[in-house]
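Peer 1: The structure that follows is given in the form of structure tokens.
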Amino acid sequence: MREQGLAADDPVLRLDRVGLSYGPESDVLADVSLSLPPGSLTFLTGPSGAGKSTLLKLAYLGLRPTAGRVSLFGVDTSRLNRRDLAPLRRRIGVVFQEFRLLDHLSAYENVALPLRVAGAQERAYRDDVIELLTWVGLGDRLDARPATLSGGEKQRVAIARAVVVKPDLILADEPTGNVDEEMGDRLFRLFRELNKRLSTTILIATHDLGMIRKAKAEVLRLADGMVVRVSPQALAPKDAPA
Amino acid sequence: MSASLSPLLPKEDAREAALFFVVCALCFLAALSGLVSRSAYAAADAWTDEVTGQITIRVRGDEAALGQAVEITQATPGIASARPITRGEAEELLQPWLGAGGVPVSLPLPKLIAAEAASTANASAVIDALKKSLGAAGLDTIVDDHLVWSGDVRKAIDLAGLVALIAVGLLGATGLAVIAFATHATLLARRDIVELLHLSGARDTYIAGLFERRFLMLGVQAGALGALLAFGGAAFILYLLRQSDAQIWLLPQLSLSLADGLILGTSPLIAGVASMIAARVTVMRSLSDMV
């Protein structure tokens with residue numbers, strides 16, 4: 001999965017003084033700088049409405065910043081045209097907060113979607129997809145449509161879809177928001193395993209202070225349009241959902 | 001787990017049924033226009049071919065003048081045959097206008113000669129020579145080579161052909177606009193899929209390909225049905241015309257000629273390709289608004 005172009009010490013994701021506004025008086029992000037080294041596991045937290053999802057959207061190339069620069073895998077994305085962004089997107093796995101599963105596809109087909117887009121043949125990925133769904137506890141729901149899945153099950157399908165291509169970077173927006181603590185721990189262990197075994201760089205936006213404290217990973221806090229590094233113990237209850 | 005993967009673009013039953021109907025109707029009208037104008041052209045060609053080289057000479061005067069005119073005509077180089085039209089033949093020609101009861105004996109009928117040029121290639125030169133010979137003999141005659149008639153028919157058919165061509169063009173443009181509109185509507189309705197594919201790293205051409213294939217199939221199927229209905233419709237109209245008592249002197253001949261087959265065969269393909277192109281342009285333009 002890994003491609004050439006990323007030097008050993010180049011950050012996988014780098015935001016330099018990134019700003020995003022929808023008008024003169026509406027800055028969503030004011031001056032955000034952050035850098036994720038290869039193989040790092042980082043949490044992004046902050047109060048609701050601080051712009052965590054927007055920051056992730058900039059990182060997965062769903063938006064262009066109105067100021068500053070977003071670099072992925074050592075490439076300044078502002079210098080690329082639309083056509084050249086597609087290969088970068090294929091190296092990123094995204095867990096969307098609202099899942100974004102396709103209703104007319106089964107759980108199996110939803111998970112296989114990025115592989116299908118990449119042009120892989122079904123016989124080449126079939127067993128991997130089934131194994132992954134079994135691992136997240138959905139081995140008996142392969143044919144289930146999203147409408148018949150619970151919130152937690154949908155979330156697990158969304159996570160499986162994000163990790164199925166073994167991406168270089170995983171961006172997860174509240175990945176444990178709809179699952180119980182036990183499943184939350186299990187999903188986090190999946191992220192941890194990908195991070196350790198495949199050196200996948202992971203950025204998780206979350207309010208789950210319990211998970212952050214247990215993980216012992218780097219924590220970034222987004223507030224007032226800026227990102228600061230904090231220690232897990234310094235996080236205040238306001239970073240948790242009301 | 002299902003044996004085959006579901007299409008990435010789900011079927012839009014209600015919307016696509018309406019679009020299928022519209023494309024089918026447009027193809028029906030376009031193919032019908034094409035078939036009818038092609039048939040009219042074929043009939044006009046056959047008719048003008050038949051009258052080209054035919055010469056009718058009207059003689060004002062007595063039987064002696066008629067005999068002299070026949071002799072001069074037969075002697076004119078380039079004339080293959082010439083004979084006077086009998087009263088019986090003239091009555092037969094007038095039957096459609098005067099009825100089957102016969103022409104009153106007291107009614108004077110024009111004295112006519114039916115002649116034929118040996119070759120249609122130099123018919124005009126032969127007719128000019130004939131006119132000079134008849135005039136030199138002091139005979140009062142009118143030589144009709146049917147060029148005026150056939151010219152008028154050709155002009156009328158050309159005009160009808162132009163109208164048919166404009167109609168086909170307008171129908172085609174309408175079809176493209178409808179498909180572009182439908183593609184845009186599908187795109188808006190399925191923006192979730194398009195966005196997800198886009199963010200999953202799908203290239204624009206990959207996403208456009210999903211819509212292209214969908215609308216190509218729809219265009220071909222709707223076009224095939226429209227063309228089939230057009231053939232049935234044209235055959236039915238001509239059948240009704242032939243059953244009526246009306247005298248239709250230029251009735252188009254409907255047959256499965258190569259040209260008809262071409263019109264019927266290409267309609268679905270044109271509809272499919274036009275649908276595909278309209279879908280592609282619409283999708284590519286919409287995707288260019290995304291990051």
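Ordered as shown in the structure tokens, chains take letters A, B, and onward, while each chain numbers its residues from 1 and ligands are numbered from 1 in the order shown.
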I'd like a table as CSV: residues in chain A with an atom no more than 9 Å from chain B, each row giving the shortest atom pair and its distance in Å to one decimal, only C-alpha atoms counted, sorted by chain and rising residue number.
Peer 2:
residue,atom,partner,partner_atom,distance
A:Tyr60,CA,B:Leu199,CA,7.5
A:Leu61,CA,B:Val291,CA,7.0
A:Gly62,CA,B:Val291,CA,6.3
A:Leu63,CA,B:Val291,CA,6.1
A:Arg64,CA,B:Val291,CA,6.7
A:Arg82,CA,B:Val291,CA,6.5
A:Arg83,CA,B:Arg203,CA,7.1
A:Leu85,CA,B:Gly201,CA,7.8
A:Ala86,CA,B:Gly201,CA,4.4
A:Pro87,CA,B:Gly201,CA,6.1
A:Leu88,CA,B:Gly201,CA,7.3
A:Arg89,CA,B:Gly201,CA,4.8
A:Arg90,CA,B:Gly201,CA,4.7
A:Arg91,CA,B:Gly201,CA,8.3
A:Ile92,CA,B:Ser200,CA,8.0
A:Gly93,CA,B:Ser200,CA,7.9
A:Val94,CA,B:Ser200,CA,8.4
A:Arg100,CA,B:Leu196,CA,7.3
A:Leu101,CA,B:Leu196,CA,8.6
A:Leu102,CA,B:Ile193,CA,6.8
A:His104,CA,B:Pro10,CA,6.5
A:Leu105,CA,B:Ser6,CA,6.5
A:Ser106,CA,B:Ser6,CA,8.4
A:Tyr108,CA,B:Met1,CA,7.8
A:Glu109,CA,B:Leu5,CA,7.0
A:Leu113,CA,B:Ser200,CA,8.2
A:Pro114,CA,B:Ser200,CA,5.8
A:Val117,CA,B:Ala202,CA,5.7
A:Ala118,CA,B:Ala202,CA,7.3
A:Glu122,CA,B:Leu5,CA,8.7
A:Arg141,CA,B:Met1,CA,9.0
A:Leu142,CA,B:Met1,CA,6.1
A:Asp143,CA,B:Met1,CA,5.1
A:Ala144,CA,B:Met1,CA,8.9
Peer 1: Among segment 42-253 of chain B, which ones does DSSP place in helix (DSSP H, G or I), written as a PyMOL selection string?
Peer 2: chain B and resi 42-51+63-75+87-98+123-136+147-189+191-199+204-243
Peer 1: Among the residues of segment 151-181 of chain A, find those DSSP assigns to strand (DSSP E) from the backbone and print them as a PyMOL selection string.
Peer 2: chain A and resi 169-173
Peer 1: Now that the selection is made, can you save its residues with C-alpha atoms as a JSON list (two decimals), in the first residue's frame?
Peer 2:
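File selection-v8.json, as written:
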[["chain", "number", "residue", "atom", "x", "y", "z"],
["A", 169, "LEU", "CA", -3.30, 7.36, 7.26],
["A", 170, "ILE", "CA", -6.55, 6.75, 9.12],
["A", 171, "LEU", "CA", -8.73, 9.70, 10.07],
["A", 172, "ALA", "CA", -11.52, 8.74, 12.41],
["A", 173, "ASP", "CA", -14.27, 11.08, 13.52]]
Peer 1: Would you mind telling me which residue in A:Ile159, A:Glu182, A:Pro37, A:Gly225 lies nearest to Glu98 of chain A when using only C-alpha atoms?
Peer 2: A:Ile159
Peer 1: How far is it from atom CA of Ser119 of chain B to atom CA of Gly53 of chain B, in Å with one decimal?
Peer 2: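 Interatomic distance here is 6.9 Å.
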Peer 1: Leaving out segment 16-29 of chain A and any residue of its chain fewer than 5 positions from it, which residues lie within 7 Å of it when counting only C-alpha atoms, given as a list of chain:residue names?
Peer 2: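 Using only C-alpha atoms, the neighbours found are A:Leu34, A:Gly51, A:Pro65, A:Thr66, A:Ala67, A:Gly68, A:Arg69, A:Val70, A:Gly225, A:Met226.
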Peer 1: Separation of atom CA of Ala118 of chain B and atom CA of Gly78 of chain B, in Å?
Peer 2: 5.4 Å
Peer 1: Just the residues within 12 Å of Thr86 of chain B, please, counting only C-alpha atoms, with nothing from its chain fewer than 6 positions along; format it as a VMD selection string.
Peer 2: chain B and resid 63 66 92 to 93 109 to 114
Peer 1: Just the residues within 9 Å of Ala44 of chain B, please, counting only C-alpha atoms, with nothing from its chain fewer than 3 positions along; format it as number ranges by chain.
Peer 2: B: 39-41, 47-49, 150, 153-154, 157, 250, 252
